[in-house]
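Novice: Below is the file model.cif, with mmCIF, C-alpha atoms.
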data_run
loop_
_atom_site.group_PDB
_atom_site.id
_atom_site.type_symbol
_atom_site.label_atom_id
_atom_site.label_comp_id
_atom_site.auth_asym_id
_atom_site.auth_seq_id
_atom_site.Cartn_x
_atom_site.Cartn_y
_atom_site.Cartn_z
ATOM 1 C CA MET V 10 0.000 0.000 0.000
ATOM 2 C CA SER V 11 1.292 3.283 -0.929
ATOM 3 C CA PHE V 12 0.513 6.519 0.707
ATOM 4 C CA SER V 13 0.553 9.798 -1.082
ATOM 5 C CA LEU V 14 2.186 12.660 0.650
ATOM 6 C CA ILE V 15 0.219 15.243 -1.350
ATOM 7 C CA PRO V 16 -2.841 16.332 0.615
ATOM 8 C CA ARG V 17 -6.108 16.408 -1.158
ATOM 9 C CA THR V 18 -7.405 19.957 -1.824
ATOM 10 C CA LYS V 19 -10.896 18.938 -2.691
ATOM 11 C CA PRO V 20 -13.014 17.086 -0.211
ATOM 12 C CA LYS V 21 -14.548 13.886 -1.384
ATOM 13 C CA HIS V 22 -17.959 14.172 -2.955
ATOM 14 C CA ARG V 23 -20.301 12.603 -0.631
ATOM 15 C CA ALA V 24 -23.836 11.636 -1.506
ATOM 16 C CA ALA V 25 -25.229 13.555 1.464
ATOM 17 C CA ASP V 26 -23.694 16.815 0.190
ATOM 18 C CA LYS V 27 -25.155 16.217 -3.235
ATOM 19 C CA VAL V 28 -28.609 15.542 -1.765
ATOM 20 C CA ALA V 29 -28.413 18.749 0.320
ATOM 21 C CA GLU V 30 -27.437 20.752 -2.747
ATOM 22 C CA LEU V 31 -30.308 19.297 -4.775
ATOM 23 C CA LYS V 32 -32.752 20.064 -1.929
ATOM 24 C CA ARG V 33 -31.515 23.664 -1.893
ATOM 25 C CA GLN V 34 -31.964 23.961 -5.673
ATOM 26 C CA LEU V 35 -35.453 22.466 -5.381
ATOM 27 C CA LYS V 36 -36.417 25.027 -2.734
ATOM 28 C CA ASP V 37 -35.075 27.864 -4.953
ATOM 29 C CA GLN V 38 -37.053 26.557 -7.913
ATOM 30 C CA GLN V 39 -40.176 26.219 -5.797
ATOM 31 C CA ALA V 40 -39.754 29.819 -4.599
ATOM 32 C CA GLU V 41 -39.358 30.995 -8.200
ATOM 33 C CA THR V 42 -42.428 28.975 -9.210
ATOM 34 C CA VAL V 43 -44.493 30.516 -6.416
ATOM 35 C CA SER V 44 -43.275 33.997 -7.404
ATOM 36 C CA ALA V 45 -44.071 33.361 -11.088
ATOM 37 C CA PHE V 46 -47.496 31.997 -10.133
ATOM 38 C CA GLY V 47 -48.174 35.140 -8.079
ATOM 39 C CA GLN V 48 -47.130 37.301 -11.037
ATOM 40 C CA LEU V 49 -49.403 35.259 -13.295
ATOM 41 C CA ILE V 50 -52.370 35.800 -10.979
ATOM 42 C CA GLY V 51 -51.562 39.538 -10.761
ATOM 43 C CA ALA V 52 -51.292 39.741 -14.559
ATOM 44 C CA ALA V 53 -54.637 37.969 -14.939
ATOM 45 C CA ASP V 54 -56.236 40.476 -12.552
ATOM 46 C CA THR V 55 -54.682 43.385 -14.457
ATOM 47 C CA ILE V 56 -55.888 41.951 -17.770
ATOM 48 C CA ALA V 57 -59.415 41.580 -16.397
ATOM 49 C CA ILE V 58 -59.401 45.202 -15.184
ATOM 50 C CA LEU V 59 -58.065 46.426 -18.541
ATOM 51 C CA GLU V 60 -60.678 44.417 -20.440
ATOM 52 C CA ALA V 61 -63.427 45.963 -18.294
ATOM 53 C CA ASP V 62 -61.980 49.423 -18.941
ATOM 54 C CA LEU V 63 -61.860 48.662 -22.671
ATOM 55 C CA ALA V 64 -65.516 47.645 -22.639
ATOM 56 C CA ASP V 65 -66.415 50.913 -20.846
ATOM 57 C CA VAL V 66 -64.413 52.937 -23.349
ATOM 58 C CA ARG V 67 -66.127 51.204 -26.277
ATOM 59 C CA VAL V 68 -69.549 51.976 -24.779
ATOM 60 C CA LYS V 69 -68.589 55.628 -24.293
ATOM 61 C CA GLN V 70 -67.189 55.778 -27.831
ATOM 62 C CA ALA V 71 -70.460 54.436 -29.247
ATOM 63 C CA GLU V 72 -72.401 57.043 -27.257
ATOM 64 C CA ALA V 73 -70.087 59.797 -28.480
ATOM 65 C CA GLU V 74 -70.487 58.658 -32.091
ATOM 66 C CA GLN V 75 -74.266 58.724 -31.664
ATOM 67 C CA VAL V 76 -74.064 62.277 -30.258
ATOM 68 C CA VAL V 77 -71.891 63.355 -33.198
ATOM 69 C CA VAL V 78 -74.377 61.905 -35.691
ATOM 70 C CA CYS V 79 -77.268 63.726 -33.983
ATOM 71 C CA LEU V 80 -75.352 67.004 -33.875
ATOM 72 C CA ALA V 81 -74.408 66.690 -37.546
ATOM 73 C CA ALA V 82 -78.076 66.150 -38.451
ATOM 74 C CA ASP V 83 -79.092 69.187 -36.348
ATOM 75 C CA LEU V 84 -76.377 71.267 -38.000
ATOM 76 C CA ASP V 85 -77.610 70.283 -41.452
ATOM 77 C CA ASP V 86 -81.172 71.212 -40.479
ATOM 78 C CA ARG V 87 -80.115 74.582 -39.069
ATOM 79 C CA THR V 88 -77.998 75.317 -42.135
ATOM 80 C CA GLU V 89 -80.944 74.605 -44.414
ATOM 81 C CA GLU V 90 -83.194 76.857 -42.305
ATOM 82 C CA ARG V 91 -80.605 79.647 -42.404
ATOM 83 C CA ASP V 92 -80.274 79.401 -46.180
ATOM 84 C CA GLN V 93 -84.063 79.600 -46.545
ATOM 85 C CA ALA V 94 -84.202 82.620 -44.215
ATOM 86 C CA LEU V 95 -81.446 84.391 -46.188
ATOM 87 C CA ALA V 96 -83.315 83.792 -49.445
ATOM 88 C CA GLU V 97 -86.507 85.158 -47.879
ATOM 89 C CA VAL V 98 -84.678 88.239 -46.575
ATOM 90 C CA ALA V 99 -83.228 88.903 -50.033
ATOM 91 C CA ALA V 100 -86.709 88.640 -51.605
ATOM 92 C CA LEU V 101 -88.208 90.994 -49.004
ATOM 93 C CA ARG V 102 -85.407 93.523 -49.517
ATOM 94 C CA ALA V 103 -86.075 93.481 -53.228
ATOM 95 C CA GLN V 104 -89.778 94.186 -52.561
ATOM 96 C CA LEU V 105 -89.011 96.906 -50.011
ATOM 97 C CA ALA V 106 -86.341 98.730 -52.042
ATOM 98 C CA PRO V 107 -88.734 100.945 -54.102
ATOM 99 C CA TYR V 108 -90.558 102.057 -50.943
ATOM 100 C CA LEU V 109 -87.301 102.940 -49.211
ATOM 101 C CA ALA V 110 -86.110 104.890 -52.266
ATOM 102 C CA ALA V 111 -89.405 106.800 -52.513
ATOM 103 C CA GLU V 112 -89.288 107.681 -48.811
ATOM 104 C CA ALA V 113 -85.677 108.831 -49.112
ATOM 105 C CA ASN V 114 -86.550 111.052 -52.070
ATOM 106 C CA ALA V 115 -89.594 112.498 -50.302
ATOM 107 C CA ASN V 116 -87.671 113.336 -47.145
ATOM 108 C CA ALA V 117 -84.481 114.491 -48.841
ATOM 109 C CA ILE V 118 -82.788 117.554 -47.396
ATOM 110 C CA THR V 119 -81.666 119.956 -50.083
ATOM 111 C CA VAL V 120 -79.337 122.847 -49.425
ATOM 112 C CA PRO V 121 -78.592 125.544 -51.988
ATOM 113 C CA PRO V 122 -74.953 125.996 -52.845
ATOM 114 C CA SER V 123 -73.392 128.396 -50.396
ATOM 115 C CA GLU V 124 -71.396 131.513 -51.209
ATOM 116 C CA ARG V 125 -69.037 133.167 -48.822
ATOM 117 C CA ASP V 126 -70.142 136.504 -47.442
ATOM 118 C CA THR V 127 -67.231 138.871 -47.983
ATOM 119 C CA THR V 128 -68.909 142.092 -46.849
ATOM 120 C CA ALA V 129 -67.044 142.145 -43.534
ATOM 121 C CA PHE V 130 -63.539 143.643 -43.596
ATOM 122 C CA GLU V 131 -61.883 140.591 -42.044
ATOM 123 C CA ASP V 132 -63.397 138.354 -44.736
ATOM 124 C CA GLN V 133 -62.055 140.326 -47.694
ATOM 125 C CA ALA V 134 -60.253 138.261 -50.280
ATOM 126 C CA THR V 135 -56.517 138.827 -50.499
ATOM 127 C CA ALA V 136 -54.277 139.009 -53.522
ATOM 128 C CA PRO V 137 -51.897 136.169 -54.187
ATOM 129 C CA ILE V 138 -48.627 136.472 -52.320
ATOM 130 C CA LYS V 139 -45.608 136.969 -54.541
ATOM 131 C CA VAL V 140 -42.833 134.620 -53.552
ATOM 132 C CA THR V 141 -39.313 135.407 -54.803
ATOM 133 C CA THR V 142 -35.787 135.009 -53.533
ATOM 134 C CA LEU V 143 -34.332 137.704 -51.339
ATOM 135 C CA TRP V 144 -31.775 138.629 -54.013
ATOM 136 C CA ALA V 145 -34.487 139.151 -56.609
ATOM 137 C CA ALA V 146 -36.735 141.021 -54.137
ATOM 138 C CA HIS V 147 -33.965 143.512 -53.271
ATOM 139 C CA GLY V 148 -32.468 143.714 -56.742
ATOM 140 C CA ILE V 149 -29.078 142.395 -55.762
ATOM 141 C CA GLY V 150 -27.033 139.449 -56.934
ATOM 142 C CA PRO V 151 -24.445 137.158 -55.454
ATOM 143 C CA VAL V 152 -21.097 138.630 -54.457
ATOM 144 C CA LEU V 153 -18.589 137.712 -57.117
ATOM 145 C CA ALA V 154 -15.088 136.704 -56.226
ATOM 146 C CA THR V 155 -11.958 137.647 -58.143
ATOM 147 C CA GLN V 156 -12.277 138.237 -61.843
ATOM 148 C CA GLY V 157 -16.045 137.781 -61.880
ATOM 149 C CA SER V 158 -15.989 134.048 -61.157
ATOM 150 C CA THR V 159 -18.597 132.476 -58.909
ATOM 151 C CA ASP V 160 -16.423 129.428 -58.269
ATOM 152 C CA PRO V 161 -15.499 129.395 -54.563
ATOM 153 C CA ALA V 162 -12.096 127.895 -55.357
ATOM 154 C CA HIS V 163 -11.007 131.268 -56.799
ATOM 155 C CA HIS V 164 -11.673 132.996 -53.505
ATOM 156 C CA SER V 165 -8.469 133.692 -51.630
ATOM 157 C CA LEU V 166 -9.834 132.457 -48.292
ATOM 158 C CA TRP V 167 -11.238 129.217 -49.587
ATOM 159 C CA PRO V 168 -9.786 126.422 -47.390
ATOM 160 C CA MET V 169 -9.534 123.850 -50.160
ATOM 161 C CA LYS V 170 -7.263 126.020 -52.283
ATOM 162 C CA GLU V 171 -4.042 124.265 -53.128
ATOM 163 C CA ALA V 172 -0.755 126.028 -52.819
ATOM 164 C CA SER V 173 0.818 126.799 -56.166
#
Kindly return the structure encoded in the file as C-alpha cells.

Specialist:
Amino acid sequence: MSFSLIPRTKPKHRAADKVAELKRQLKDQQAETVSAFGQLIGAADTIAILEADLADVRVKQAEAEQVVVCLAADLDDRTEERDQALAEVAALRAQLAPYLAAEANANAITVPPSERDTTAFEDQATAPIKVTTLWAAHGIGPVLATQGSTDPAHHSLWPMKEAS
C-alpha cells in the first residue's frame, strides 16, 4: 500500500452533500415557481381590469359617435333653415327697395350751394402772395469773387485752395 504525501485539496464528494445541494436547488425553484405563479395571478387580474376598462371605453365611444351623428343632423337642419331665411330676406329687400327709395326722395334735405359773405372787412379776399428770392426782391445778386468768377475755389480764403 502506498501513501501519497500530497494532501487532497478537494473534499470527497459525498452523496449527502449532493442531496443537500439538490434540496436547496429544489427550494429555490419552488420559490421561483411561487413567485411566477403570483405574477401570473396579478397579470390575470390586471388583464381583467383592462378588459373591463376597454368595454367601458367602447360603450362611451359608441355614445359619443351617436351624439356626433345627432349634432351633424341638427347642423344640417339649421344650415338649411338659415339658407331659406337668407333667401326670404333677399326677396323681401327686393320688394321693399322701391318704398325705401321713394321715402328717401320724399324726405331728402336739399341745401342751396353756399357763397361766402365777404362784406365784412376781415373776410375780404386777399391778392396772391408773390414769392421770390431775397436777391431778386432787393435787386441784388451774389457777391462775385476775383475776376467775376462764382467758383469758390477762386476765392483767396477758400480752405480747399491748393498752394501753387

Novice: What is the distance between CA of Gln70 in chain V and CA of Thr88 in chain V, in Å to one decimal?

Specialist: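 Rounded to one decimal, the two atoms are 26.5 Å apart.
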
Novice: Please indicate the distance in Å from CA of Gln93 in chain V to CA of Tyr108 in chain V, rounded to one decimal place.

Specialist: 23.8 Å

Novice: Rounded to one decimal, what separation in Å do you get between CA of Thr55 in chain V and CA of Ala71 in chain V?

Specialist: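 Value for the CA of Thr55 in chain V-CA of Ala71 in chain V distance: 24.3 Å.
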
Novice: Quick one: 8 Å padding each side, axis-aligned, all listed atoms of range 99-103 of chain V - centre and edge lengths in Å to one decimal, as lines of an AutoDock Vina configuration file?

Specialist:
center_x = -85.7
center_y = 91.1
center_z = -51.1
size_x = 21.0
size_y = 20.9
size_z = 20.2

Novice: Please output range 107-118 of chain V, rebuilt to include all heavy atoms, as a PDB file, in the coordinates of the input.

Specialist:
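Okay, this is what ended up in rebuild.pdb:
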ATOM      1  N   PRO V 107     -88.083  99.758 -53.514  1.00  0.00           N
ATOM      2  CA  PRO V 107     -88.734 100.945 -54.102  1.00  0.00           C
ATOM      3  C   PRO V 107     -89.377 101.844 -53.054  1.00  0.00           C
ATOM      4  O   PRO V 107     -89.343 103.081 -53.174  1.00  0.00           O
ATOM      5  CB  PRO V 107     -89.804 100.354 -55.034  1.00  0.00           C
ATOM      6  CG  PRO V 107     -89.378  98.950 -55.301  1.00  0.00           C
ATOM      7  CD  PRO V 107     -88.598  98.525 -54.113  1.00  0.00           C
ATOM      8  N   TYR V 108     -89.951 101.247 -52.010  1.00  0.00           N
ATOM      9  CA  TYR V 108     -90.558 102.057 -50.943  1.00  0.00           C
ATOM     10  C   TYR V 108     -89.506 102.859 -50.184  1.00  0.00           C
ATOM     11  O   TYR V 108     -89.724 104.025 -49.851  1.00  0.00           O
ATOM     12  CB  TYR V 108     -91.347 101.167 -49.980  1.00  0.00           C
ATOM     13  CG  TYR V 108     -92.491 100.446 -50.648  1.00  0.00           C
ATOM     14  CD1 TYR V 108     -92.439  99.066 -50.847  1.00  0.00           C
ATOM     15  CD2 TYR V 108     -93.611 101.137 -51.080  1.00  0.00           C
ATOM     16  CE1 TYR V 108     -93.484  98.404 -51.472  1.00  0.00           C
ATOM     17  CE2 TYR V 108     -94.660 100.485 -51.705  1.00  0.00           C
ATOM     18  CZ  TYR V 108     -94.591  99.114 -51.903  1.00  0.00           C
ATOM     19  OH  TYR V 108     -95.609  98.462 -52.521  1.00  0.00           O
ATOM     20  N   LEU V 109     -88.379 102.228 -49.910  1.00  0.00           N
ATOM     21  CA  LEU V 109     -87.301 102.940 -49.211  1.00  0.00           C
ATOM     22  C   LEU V 109     -86.757 104.079 -50.073  1.00  0.00           C
ATOM     23  O   LEU V 109     -86.471 105.176 -49.567  1.00  0.00           O
ATOM     24  CB  LEU V 109     -86.178 101.970 -48.835  1.00  0.00           C
ATOM     25  CG  LEU V 109     -86.510 100.925 -47.770  1.00  0.00           C
ATOM     26  CD1 LEU V 109     -85.343  99.972 -47.574  1.00  0.00           C
ATOM     27  CD2 LEU V 109     -86.864 101.601 -46.457  1.00  0.00           C
ATOM     28  N   ALA V 110     -86.613 103.841 -51.375  1.00  0.00           N
ATOM     29  CA  ALA V 110     -86.110 104.890 -52.266  1.00  0.00           C
ATOM     30  C   ALA V 110     -87.096 106.041 -52.345  1.00  0.00           C
ATOM     31  O   ALA V 110     -86.698 107.222 -52.328  1.00  0.00           O
ATOM     32  CB  ALA V 110     -85.840 104.310 -53.647  1.00  0.00           C
ATOM     33  N   ALA V 111     -88.399 105.740 -52.447  1.00  0.00           N
ATOM     34  CA  ALA V 111     -89.405 106.800 -52.513  1.00  0.00           C
ATOM     35  C   ALA V 111     -89.420 107.618 -51.222  1.00  0.00           C
ATOM     36  O   ALA V 111     -89.527 108.859 -51.254  1.00  0.00           O
ATOM     37  CB  ALA V 111     -90.788 106.191 -52.773  1.00  0.00           C
ATOM     38  N   GLU V 112     -89.310 106.959 -50.090  1.00  0.00           N
ATOM     39  CA  GLU V 112     -89.288 107.681 -48.811  1.00  0.00           C
ATOM     40  C   GLU V 112     -88.045 108.550 -48.709  1.00  0.00           C
ATOM     41  O   GLU V 112     -88.097 109.681 -48.232  1.00  0.00           O
ATOM     42  CB  GLU V 112     -89.334 106.685 -47.648  1.00  0.00           C
ATOM     43  CG  GLU V 112     -89.394 107.368 -46.295  1.00  0.00           C
ATOM     44  CD  GLU V 112     -89.436 106.377 -45.138  1.00  0.00           C
ATOM     45  OE1 GLU V 112     -89.679 105.189 -45.383  1.00  0.00           O
ATOM     46  OE2 GLU V 112     -89.220 106.812 -44.003  1.00  0.00           O
ATOM     47  N   ALA V 113     -86.909 108.043 -49.158  1.00  0.00           N
ATOM     48  CA  ALA V 113     -85.677 108.831 -49.112  1.00  0.00           C
ATOM     49  C   ALA V 113     -85.783 110.054 -50.009  1.00  0.00           C
ATOM     50  O   ALA V 113     -85.330 111.144 -49.641  1.00  0.00           O
ATOM     51  CB  ALA V 113     -84.488 107.959 -49.522  1.00  0.00           C
ATOM     52  N   ASN V 114     -86.390 109.905 -51.165  1.00  0.00           N
ATOM     53  CA  ASN V 114     -86.550 111.052 -52.070  1.00  0.00           C
ATOM     54  C   ASN V 114     -87.536 112.059 -51.496  1.00  0.00           C
ATOM     55  O   ASN V 114     -87.363 113.273 -51.647  1.00  0.00           O
ATOM     56  CB  ASN V 114     -87.007 110.584 -53.452  1.00  0.00           C
ATOM     57  CG  ASN V 114     -85.891 109.896 -54.203  1.00  0.00           C
ATOM     58  OD1 ASN V 114     -84.721 110.158 -53.958  1.00  0.00           O
ATOM     59  ND2 ASN V 114     -86.253 109.006 -55.114  1.00  0.00           N
ATOM     60  N   ALA V 115     -88.594 111.584 -50.858  1.00  0.00           N
ATOM     61  CA  ALA V 115     -89.594 112.498 -50.302  1.00  0.00           C
ATOM     62  C   ALA V 115     -89.041 113.281 -49.115  1.00  0.00           C
ATOM     63  O   ALA V 115     -89.390 114.449 -48.918  1.00  0.00           O
ATOM     64  CB  ALA V 115     -90.835 111.709 -49.876  1.00  0.00           C
ATOM     65  N   ASN V 116     -88.206 112.683 -48.344  1.00  0.00           N
ATOM     66  CA  ASN V 116     -87.671 113.336 -47.145  1.00  0.00           C
ATOM     67  C   ASN V 116     -86.255 113.851 -47.343  1.00  0.00           C
ATOM     68  O   ASN V 116     -85.536 114.074 -46.374  1.00  0.00           O
ATOM     69  CB  ASN V 116     -87.703 112.368 -45.960  1.00  0.00           C
ATOM     70  CG  ASN V 116     -89.101 111.961 -45.605  1.00  0.00           C
ATOM     71  OD1 ASN V 116     -90.036 112.742 -45.745  1.00  0.00           O
ATOM     72  ND2 ASN V 116     -89.264 110.733 -45.140  1.00  0.00           N
ATOM     73  N   ALA V 117     -85.846 114.042 -48.570  1.00  0.00           N
ATOM     74  CA  ALA V 117     -84.481 114.491 -48.841  1.00  0.00           C
ATOM     75  C   ALA V 117     -84.284 115.921 -48.365  1.00  0.00           C
ATOM     76  O   ALA V 117     -85.173 116.762 -48.453  1.00  0.00           O
ATOM     77  CB  ALA V 117     -84.190 114.392 -50.331  1.00  0.00           C
ATOM     78  N   ILE V 118     -83.136 116.209 -47.846  1.00  0.00           N
ATOM     79  CA  ILE V 118     -82.788 117.554 -47.396  1.00  0.00           C
ATOM     80  C   ILE V 118     -81.940 118.185 -48.482  1.00  0.00           C
ATOM     81  O   ILE V 118     -80.859 117.682 -48.806  1.00  0.00           O
ATOM     82  CB  ILE V 118     -82.019 117.504 -46.061  1.00  0.00           C
ATOM     83  CG1 ILE V 118     -82.879 116.856 -44.995  1.00  0.00           C
ATOM     84  CG2 ILE V 118     -81.567 118.885 -45.664  1.00  0.00           C
ATOM     85  CD1 ILE V 118     -82.158 116.622 -43.700  1.00  0.00           C
TER      86      ILE V 118
END
